[in-house]
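Peer 1: This is the content of model-v3.cif (mmCIF, C-alpha atoms):
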```
data_work
#
loop_
_atom_site.label_atom_id
_atom_site.label_comp_id
_atom_site.auth_asym_id
_atom_site.auth_seq_id
_atom_site.Cartn_x
_atom_site.Cartn_y
_atom_site.Cartn_z
CA MET A 1 0.00 0.00 0.00
CA PRO A 2 1.43 3.45 -0.95
CA ALA A 3 2.60 5.58 1.99
CA ASN A 4 0.05 8.33 1.37
CA ASN A 5 -2.85 5.84 1.36
CA SER A 6 -1.57 4.36 4.62
CA ALA A 7 -1.42 7.83 6.20
CA GLU A 8 -4.94 8.66 5.02
CA THR A 9 -6.23 5.38 6.48
CA GLY A 10 -4.56 6.19 9.81
CA VAL A 11 -6.05 9.68 9.94
CA ARG A 12 -9.48 8.29 9.09
CA SER A 13 -9.23 5.73 11.89
CA VAL A 14 -8.28 8.43 14.39
CA GLN A 15 -11.20 10.59 13.26
CA ARG A 16 -13.60 7.67 13.60
CA ALA A 17 -12.31 6.90 17.09
CA PHE A 18 -12.88 10.49 18.20
CA ASP A 19 -16.32 10.45 16.58
CA ILE A 20 -17.18 7.51 18.84
CA LEU A 21 -15.81 9.19 21.97
CA SER A 22 -17.75 12.35 21.12
CA LEU A 23 -21.01 10.41 21.38
CA LEU A 24 -20.53 10.28 25.15
CA THR A 25 -22.16 13.19 26.95
CA GLU A 26 -23.34 14.02 30.46
CA GLY A 27 -26.78 12.89 29.40
CA ARG A 28 -25.54 9.68 27.79
CA ARG A 29 -22.71 8.08 29.70
CA THR A 30 -22.95 4.62 28.12
CA LEU A 31 -22.87 3.59 24.45
CA THR A 32 -24.10 0.38 22.90
CA VAL A 33 -22.63 -1.07 19.73
CA ARG A 34 -25.96 -0.47 18.01
CA GLU A 35 -25.92 3.24 18.92
CA VAL A 36 -22.38 3.63 17.61
CA VAL A 37 -23.27 1.95 14.31
CA GLU A 38 -26.45 3.99 13.84
CA GLU A 39 -24.95 7.37 14.71
CA THR A 40 -21.57 7.07 12.98
CA GLY A 41 -22.65 5.09 9.95
CA LEU A 42 -19.78 2.65 10.47
CA ALA A 43 -20.07 -1.01 9.60
CA LYS A 44 -20.65 -3.16 12.68
CA THR A 45 -17.29 -4.94 12.28
CA THR A 46 -15.46 -1.61 12.03
CA ALA A 47 -17.32 -0.19 15.03
CA LEU A 48 -16.48 -3.26 17.11
CA ARG A 49 -12.81 -3.08 16.15
CA LEU A 50 -12.58 0.58 17.12
CA LEU A 51 -14.47 0.04 20.37
CA GLN A 52 -12.16 -2.80 21.33
CA THR A 53 -9.08 -0.72 20.49
CA LEU A 54 -10.35 2.19 22.58
CA GLU A 55 -11.04 -0.21 25.43
CA GLN A 56 -7.51 -1.65 25.22
CA MET A 57 -6.14 1.90 25.45
CA GLY A 58 -8.26 2.60 28.52
CA LEU A 59 -10.26 5.30 26.77
CA LEU A 60 -13.44 3.25 27.01
CA TRP A 61 -14.59 0.73 29.60
CA ALA A 62 -16.85 -2.21 28.75
CA THR A 63 -19.80 -2.76 31.09
CA ALA A 64 -22.88 -4.96 31.01
CA ASN A 65 -24.85 -2.04 29.55
CA GLY A 66 -22.30 -0.96 26.95
CA TYR A 67 -19.17 1.18 26.77
CA THR A 68 -18.51 4.11 29.10
CA ALA A 69 -15.62 6.56 29.57
CA GLY A 70 -12.42 4.77 30.51
CA PRO A 71 -9.91 5.50 33.28
CA ALA A 72 -7.23 6.76 30.86
CA LEU A 73 -9.38 9.83 30.24
CA TRP A 74 -8.82 10.90 33.86
CA ARG A 75 -5.19 11.72 33.11
CA TRP A 76 -6.14 13.77 30.06
CA ALA A 77 -8.91 15.50 31.95
CA HIS A 78 -6.50 16.43 34.75
CA LEU A 79 -3.97 17.84 32.26
CA ALA A 80 -6.65 19.82 30.44
CA ARG A 81 -8.10 21.22 33.65
CA SER A 82 -4.73 22.33 34.99
CA ALA A 83 -3.88 23.98 31.67
CA TRP A 84 -7.21 25.76 31.18
CA GLU A 85 -8.19 26.63 34.72
CA LEU A 86 -8.01 30.32 35.55
CA PRO A 87 -6.91 31.80 38.89
CA PRO A 88 -9.62 31.75 41.58
CA GLU A 89 -9.52 35.56 41.74
CA THR A 90 -10.46 35.84 38.07
CA LEU A 91 -13.32 33.38 38.42
CA GLN A 92 -14.56 35.27 41.48
CA LEU A 93 -14.58 38.53 39.50
CA MET A 94 -16.75 36.85 36.87
CA ARG A 95 -19.14 35.46 39.48
CA GLU A 96 -19.53 38.88 41.06
CA LEU A 97 -20.11 40.52 37.68
CA ALA A 98 -22.79 37.98 36.72
CA SER A 99 -24.46 38.45 40.09
CA ARG A 100 -24.56 42.25 39.79
CA GLN A 101 -25.69 42.49 36.16
CA ARG A 102 -27.69 39.24 36.10
CA GLU A 103 -26.37 38.36 32.65
CA THR A 104 -23.98 35.65 31.46
CA VAL A 105 -20.27 36.45 31.67
CA ASN A 106 -17.84 34.85 29.21
CA LEU A 107 -14.11 35.11 28.71
CA TYR A 108 -12.89 34.46 25.15
CA VAL A 109 -9.48 34.13 23.53
CA ALA A 110 -8.69 34.02 19.81
CA LYS A 111 -7.56 30.82 18.13
CA GLY A 112 -7.04 31.08 14.39
CA ILE A 113 -10.30 32.23 12.84
CA HIS A 114 -12.30 31.24 15.92
CA ARG A 115 -12.77 32.42 19.49
CA VAL A 116 -12.69 29.94 22.33
CA CYS A 117 -14.65 30.29 25.58
CA ILE A 118 -12.18 29.66 28.41
CA ALA A 119 -14.46 30.58 31.33
CA GLN A 120 -18.11 31.31 31.95
CA GLN A 121 -20.48 32.33 34.71
CA GLU A 122 -24.12 31.84 33.78
CA SER A 123 -26.81 34.43 34.37
CA PRO A 124 -29.04 33.67 37.37
CA GLN A 125 -32.09 34.34 35.19
CA SER A 126 -34.02 31.49 33.58
CA LEU A 127 -33.82 33.08 30.13
CA ARG A 128 -30.09 33.37 29.49
CA HIS A 129 -27.35 32.93 26.93
CA VAL A 130 -25.10 29.91 27.47
CA VAL A 131 -21.82 28.99 25.78
CA ARG A 132 -19.91 26.10 27.30
CA VAL A 133 -16.25 26.32 28.26
CA GLY A 134 -14.18 25.00 25.36
CA ASP A 135 -16.74 25.92 22.70
CA GLU A 136 -15.31 27.45 19.52
CA LEU A 137 -17.33 30.23 17.93
CA PRO A 138 -16.65 32.16 14.71
CA LEU A 139 -14.93 35.52 14.64
CA TRP A 140 -17.03 36.98 11.82
CA GLY A 141 -19.61 38.38 14.26
CA GLY A 142 -20.23 39.20 17.89
CA ALA A 143 -18.97 41.76 20.38
CA SER A 144 -16.02 39.70 21.58
CA ALA A 145 -14.92 39.05 17.99
CA LYS A 146 -14.67 42.79 17.35
CA ILE A 147 -12.37 43.07 20.36
CA LEU A 148 -10.19 40.06 19.59
CA LEU A 149 -9.63 41.04 15.95
CA ARG A 150 -8.06 44.40 16.82
CA ASP A 151 -4.48 43.24 16.36
CA ALA A 152 -5.24 40.64 13.69
CA PRO A 153 -3.19 40.85 10.47
CA ALA A 154 -4.94 41.46 7.16
CA ALA A 155 -4.56 37.81 6.15
CA VAL A 156 -6.48 36.65 9.22
CA LEU A 157 -9.25 39.20 8.64
CA SER A 158 -9.59 37.91 5.08
CA ARG A 159 -9.82 34.31 6.28
CA VAL A 160 -12.42 35.23 8.89
CA ALA A 161 -14.48 37.06 6.27
CA ALA A 162 -14.25 34.14 3.86
CA SER A 163 -15.58 31.81 6.57
CA SER A 164 -18.63 34.01 7.18
CA PRO A 165 -22.07 33.64 5.60
CA TYR A 166 -21.40 36.94 3.81
CA GLY A 167 -18.30 35.95 1.88
CA LYS A 168 -14.98 37.71 1.33
CA GLY A 169 -16.58 41.15 1.06
CA HIS A 170 -17.38 40.96 4.78
CA VAL A 171 -13.78 42.01 5.45
CA ASP A 172 -14.72 45.68 5.01
CA THR A 173 -17.41 45.38 7.67
CA LEU A 174 -14.96 43.63 9.98
CA ARG A 175 -12.48 46.49 9.61
CA GLU A 176 -15.22 49.01 10.43
CA TRP A 177 -16.29 47.04 13.49
CA VAL A 178 -12.72 46.70 14.76
CA ALA A 179 -12.02 50.41 14.24
CA GLU A 180 -15.22 51.35 16.08
CA ALA A 181 -14.39 49.04 18.99
CA GLU A 182 -10.87 50.44 19.23
CA ARG A 183 -12.22 54.01 19.23
CA ASP A 184 -14.90 53.36 21.86
CA GLY A 185 -12.89 50.95 24.01
CA TYR A 186 -15.70 48.40 23.92
CA ALA A 187 -17.91 46.57 21.41
CA ILE A 188 -21.62 45.81 21.15
CA SER A 189 -23.49 43.26 19.06
CA HIS A 190 -27.18 42.60 18.50
CA GLY A 191 -28.14 39.37 16.77
CA GLU A 192 -25.05 39.20 14.57
CA ARG A 193 -24.30 35.53 15.16
CA GLU A 194 -27.47 34.36 16.88
CA ARG A 195 -30.80 36.11 16.43
CA GLY A 196 -32.25 37.54 19.64
CA THR A 197 -28.91 37.56 21.47
CA SER A 198 -26.84 40.63 22.35
CA ALA A 199 -23.46 41.20 23.97
CA VAL A 200 -21.08 43.85 25.24
CA ALA A 201 -17.33 43.14 25.36
CA LEU A 202 -14.15 44.81 26.58
CA PRO A 203 -10.52 43.83 26.03
CA VAL A 204 -8.32 42.22 28.65
CA THR A 205 -4.77 43.31 27.90
CA SER A 206 -1.25 42.38 28.88
CA GLY A 207 1.19 44.78 30.51
CA ALA A 208 2.36 45.72 27.02
CA GLY A 209 -1.15 46.56 25.90
CA THR A 210 -1.65 43.49 23.72
CA ILE A 211 -5.18 42.08 23.74
CA ILE A 212 -5.15 38.60 25.23
CA ALA A 213 -8.86 38.05 25.89
CA ALA A 214 -12.32 39.59 25.70
CA LEU A 215 -14.59 39.81 28.74
CA THR A 216 -18.22 39.72 27.67
CA LEU A 217 -21.71 40.15 29.06
CA SER A 218 -24.35 38.45 26.92
CA GLY A 219 -28.05 37.71 27.04
CA PRO A 220 -31.41 38.19 25.32
CA SER A 221 -31.54 41.34 23.20
CA VAL A 222 -34.71 42.48 24.96
CA ARG A 223 -32.61 43.09 28.08
CA PHE A 224 -29.73 44.82 26.26
CA THR A 225 -31.49 48.11 25.66
CA ASP A 226 -29.66 51.41 25.10
CA ASP A 227 -30.26 52.55 28.67
CA LYS A 228 -28.47 49.46 30.00
CA ILE A 229 -25.32 49.61 27.88
CA ASP A 230 -23.48 52.32 29.84
CA GLY A 231 -23.93 50.35 33.07
CA PHE A 232 -22.72 47.14 31.44
CA VAL A 233 -19.65 48.90 30.05
CA ALA A 234 -18.77 50.57 33.36
CA ASP A 235 -19.00 47.31 35.29
CA LEU A 236 -17.05 45.38 32.65
CA ARG A 237 -14.37 48.08 32.65
CA GLU A 238 -13.87 47.78 36.40
CA ALA A 239 -13.71 43.99 36.20
CA VAL A 240 -11.22 44.15 33.33
CA LYS A 241 -9.06 46.62 35.25
CA ARG A 242 -8.83 44.30 38.23
CA MET A 243 -8.29 41.28 36.00
CA THR A 244 -5.48 42.99 34.09
CA GLU A 245 -3.81 44.11 37.32
CA ARG A 246 -3.80 40.57 38.67
CA GLY A 247 -3.04 39.00 35.30
CA PHE A 248 -3.72 35.44 34.25
CA ASP A 249 -1.96 32.80 32.22
CA HIS A 250 -3.58 30.57 29.64
CA PRO A 251 -2.25 28.32 26.85
CA LEU A 252 -4.14 30.26 24.16
CA SER A 253 -3.44 33.75 25.51
#
```
Please lay out the structure from this file as structure tokens.
Peer 2:
Amino acid sequence: MPANNSAETGVRSVQRAFDILSLLTEGRRTLTVREVVEETGLAKTTALRLLQTLEQMGLLWATANGYTAGPALWRWAHLARSAWELPPETLQLMRELASRQRETVNLYVAKGIHRVCIAQQESPQSLRHVVRVGDELPLWGGASAKILLRDAPAAVLSRVAASSPYGKGHVDTLREWVAEAERDGYAISHGERERGTSAVALPVTSGAGTIIAALTLSGPSVRFTDDKIDGFVADLREAVKRMTERGFDHPLS
């Protein structure tokens, strides 16, 4: 078999294995062979081979009811948590901010043409905006995107625009948004990525002034009226000031 075909087969096997692991969720902690076959489209023999390999590696554990997360994932989970976890002081600032403003607080960092949520404190209200830690969202829209793209090179802006529903021409709008956010010191969005959702974001900077994250308040647009924005901005600004003074380290920052 040619080397390139062998490499492609290996990559495909890895992708399939992760597809199987991704089927496990908090709501579904056990997988049956039938579920794996139905949801991945794999042949039963292929699914069984992958399940057995994952079990041998400790990534899955066979039980009477099916396959569940294996003990080897504990080590990876510990490494991920220690790498991604923010200082307690930063998390406390976010909790206090969410409590005062009663809206969801997110902290985003840029990764390529996406933004990644590295911390969140949910709004105490029943109707709220939720993005899970680790979620990757696009940079072509949203208040935090306008903040995080400030120092982005032209090539990155072009790639972000090309990935948007609006095509390459969206780059001009992105430049306008970034310039406006830099001028005002904050950014606002209303329904740009998700209809009915609004956000206000401010930059978290390093000692040298480089933007390393965006601190964001988000929620239903009906609660992000013009008379509320100044209060959101003022509270975010104070939180960002304290966060910047204390500093925080993160693998993507």
Peer 1: Out of A:Ile188, A:Cys117, A:Leu31, A:Ala179, which residue has the shortest atom-to-atom distance to Leu86 in chain A when counting only C-alpha atoms?
Peer 2: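 The answer is A:Cys117, which sits nearest to Leu86 in chain A.
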Peer 1: I'd like the interatomic distance between CA of Glu35 in chain A and CA of Trp76 in chain A, to a tenth of an Å.
Peer 2: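 If I compute the distance from CA of Glu35 in chain A to CA of Trp76 in chain A, I get 25.0 Å.
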Peer 1: Which value, in Å to one decimal, gives the distance between CA of Ala62 in chain A and CA of Arg49 in chain A?
Peer 2: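 Those two atoms sit 13.3 Å apart.
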Peer 1: Considering only C-alpha atoms, give me a table of residues in range 193-238 of chain A that are at most 12 Å from range 118-128 of chain A, with the closest atom pair and distance in Å for each, as CSV.
Peer 2:
```
residue,atom,partner,partner_atom,distance
A:Gly196,CA,A:Arg128,CA,10.9
A:Thr197,CA,A:Arg128,CA,9.1
A:Ser198,CA,A:Arg128,CA,10.7
A:Ala199,CA,A:Arg128,CA,11.7
A:Ile212,CA,A:Ile118,CA,11.8
A:Ala213,CA,A:Ile118,CA,9.4
A:Ala214,CA,A:Ile118,CA,10.3
A:Leu215,CA,A:Ala119,CA,9.6
A:Thr216,CA,A:Gln120,CA,9.4
A:Leu217,CA,A:Ser123,CA,9.3
A:Ser218,CA,A:Arg128,CA,8.1
A:Gly219,CA,A:Arg128,CA,5.4
A:Pro220,CA,A:Arg128,CA,6.5
A:Ser221,CA,A:Arg128,CA,10.3
A:Val222,CA,A:Leu127,CA,10.8
A:Arg223,CA,A:Arg128,CA,10.1
A:Phe224,CA,A:Arg128,CA,11.9
```
Peer 1: Residues of range 32-105 of chain A that have any atom at most 10 Å from an atom of range 226-239 of chain A: could you tabulate them with the shortest-distance atom pair and the distance in Å to one decimal, using all atoms listed in the file, ordered by chain and increasing number, as a tab-separated table?
Peer 2:
```
residue	atom	partner	partner_atom	distance
A:Thr90	CA	A:Ala239	CA	9.0
A:Leu93	CA	A:Ala239	CA	6.4
A:Met94	CA	A:Ala239	CA	7.8
A:Glu96	CA	A:Ala239	CA	9.1
A:Leu97	CA	A:Asp235	CA	7.3
A:Arg100	CA	A:Asp235	CA	8.8
A:Gln101	CA	A:Phe232	CA	7.3
A:Glu103	CA	A:Phe232	CA	9.6
A:Val105	CA	A:Leu236	CA	9.5
```
Peer 1: Could you check how far CA of Thr210 in chain A sits from CA of Gly142 in chain A, in Å to one decimal?
Peer 2: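 These two atoms are separated by 19.9 Å.
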Peer 1: Take the PyMOL selection byres ((chain A and resi 192) around 6), apply it to the structure above, and return the hits as a PDB file with C-alpha atoms, in the frame of the given file.
Peer 2:
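And here's selection14.pdb as it stands now:
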```pdb
ATOM      1  CA  GLY A 141     -19.610  38.380  14.260  1.00  0.00           C
ATOM      2  CA  GLY A 142     -20.230  39.200  17.890  1.00  0.00           C
ATOM      3  CA  HIS A 190     -27.180  42.600  18.500  1.00  0.00           C
ATOM      4  CA  GLY A 191     -28.140  39.370  16.770  1.00  0.00           C
ATOM      5  CA  ARG A 193     -24.300  35.530  15.160  1.00  0.00           C
ATOM      6  CA  GLU A 194     -27.470  34.360  16.880  1.00  0.00           C
TER       7      GLU A 194
END
```
Peer 1: For the file shown, what are the residues hit by the PyMOL selection byres ((chain A and resi 113) around 7), laid out as a short mmCIF file (atom, residue, chain, number, x, y, z; two decimals) with C-alpha atoms, keeping the file's coordinate frame?
Peer 2:
```cif
data_model
loop_
_atom_site.label_atom_id
_atom_site.label_comp_id
_atom_site.auth_asym_id
_atom_site.auth_seq_id
_atom_site.Cartn_x
_atom_site.Cartn_y
_atom_site.Cartn_z
CA LYS A 111 -7.56 30.82 18.13
CA GLY A 112 -7.04 31.08 14.39
CA HIS A 114 -12.30 31.24 15.92
CA PRO A 138 -16.65 32.16 14.71
CA LEU A 139 -14.93 35.52 14.64
CA VAL A 156 -6.48 36.65 9.22
CA ARG A 159 -9.82 34.31 6.28
CA VAL A 160 -12.42 35.23 8.89
#
```
Peer 1: Give me the residues near Gly70 in chain A as a ChimeraX atom specification, where near means some atom within 8 Å (using only C-alpha atoms) and where sequence neighbours in that chain fewer than 5 positions away do not count.
Peer 2: /A:55,58-61
Peer 1: Could you list, as a PyMOL selection string, every residue matched by the PyMOL selection byres ((chain A and resi 146) around 12) in this structure?
Peer 2: chain A and resi 108-110+114-115+138-145+147-152+157+160+171+173-189+192+199-203+211+213-216
Peer 1: Could you tell me which of A:Leu50, A:Gln92, A:Val36, A:Ala64 comes closest to Ala17 in chain A if we count only C-alpha atoms?
Peer 2: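 Comparing A:Leu50, A:Gln92, A:Val36, A:Ala64 against Ala17 in chain A, the winner is A:Leu50.
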Peer 1: At a cut-off of 9 Å, using all atoms listed in the file, what residues contact Thr63 in chain A? Leave out same-chain residues fewer than 4 positions from it and give the result as JSON, numbers by chain.
Peer 2: {"A": [30, 67, 68]}
Peer 1: Output: range 89-150 of chain A of the preceding structure, restricted to C-alpha atoms, written as a tab-separated table (two decimals), in the first residue's frame.
Peer 2:
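What follows is the written file part.tsv:
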```tsv
chain	number	residue	atom	x	y	z
A	89	GLU	CA	-9.52	35.56	41.74
A	90	THR	CA	-10.46	35.84	38.07
A	91	LEU	CA	-13.32	33.38	38.42
A	92	GLN	CA	-14.56	35.27	41.48
A	93	LEU	CA	-14.58	38.53	39.50
A	94	MET	CA	-16.75	36.85	36.87
A	95	ARG	CA	-19.14	35.46	39.48
A	96	GLU	CA	-19.53	38.88	41.06
A	97	LEU	CA	-20.11	40.52	37.68
A	98	ALA	CA	-22.79	37.98	36.72
A	99	SER	CA	-24.46	38.45	40.09
A	100	ARG	CA	-24.56	42.25	39.79
A	101	GLN	CA	-25.69	42.49	36.16
A	102	ARG	CA	-27.69	39.24	36.10
A	103	GLU	CA	-26.37	38.36	32.65
A	104	THR	CA	-23.98	35.65	31.46
A	105	VAL	CA	-20.27	36.45	31.67
A	106	ASN	CA	-17.84	34.85	29.21
A	107	LEU	CA	-14.11	35.11	28.71
A	108	TYR	CA	-12.89	34.46	25.15
A	109	VAL	CA	-9.48	34.13	23.53
A	110	ALA	CA	-8.69	34.02	19.81
A	111	LYS	CA	-7.56	30.82	18.13
A	112	GLY	CA	-7.04	31.08	14.39
A	113	ILE	CA	-10.30	32.23	12.84
A	114	HIS	CA	-12.30	31.24	15.92
A	115	ARG	CA	-12.77	32.42	19.49
A	116	VAL	CA	-12.69	29.94	22.33
A	117	CYS	CA	-14.65	30.29	25.58
A	118	ILE	CA	-12.18	29.66	28.41
A	119	ALA	CA	-14.46	30.58	31.33
A	120	GLN	CA	-18.11	31.31	31.95
A	121	GLN	CA	-20.48	32.33	34.71
A	122	GLU	CA	-24.12	31.84	33.78
A	123	SER	CA	-26.81	34.43	34.37
A	124	PRO	CA	-29.04	33.67	37.37
A	125	GLN	CA	-32.09	34.34	35.19
A	126	SER	CA	-34.02	31.49	33.58
A	127	LEU	CA	-33.82	33.08	30.13
A	128	ARG	CA	-30.09	33.37	29.49
A	129	HIS	CA	-27.35	32.93	26.93
A	130	VAL	CA	-25.10	29.91	27.47
A	131	VAL	CA	-21.82	28.99	25.78
A	132	ARG	CA	-19.91	26.10	27.30
A	133	VAL	CA	-16.25	26.32	28.26
A	134	GLY	CA	-14.18	25.00	25.36
A	135	ASP	CA	-16.74	25.92	22.70
A	136	GLU	CA	-15.31	27.45	19.52
A	137	LEU	CA	-17.33	30.23	17.93
A	138	PRO	CA	-16.65	32.16	14.71
A	139	LEU	CA	-14.93	35.52	14.64
A	140	TRP	CA	-17.03	36.98	11.82
A	141	GLY	CA	-19.61	38.38	14.26
A	142	GLY	CA	-20.23	39.20	17.89
A	143	ALA	CA	-18.97	41.76	20.38
A	144	SER	CA	-16.02	39.70	21.58
A	145	ALA	CA	-14.92	39.05	17.99
A	146	LYS	CA	-14.67	42.79	17.35
A	147	ILE	CA	-12.37	43.07	20.36
A	148	LEU	CA	-10.19	40.06	19.59
A	149	LEU	CA	-9.63	41.04	15.95
A	150	ARG	CA	-8.06	44.40	16.82
```
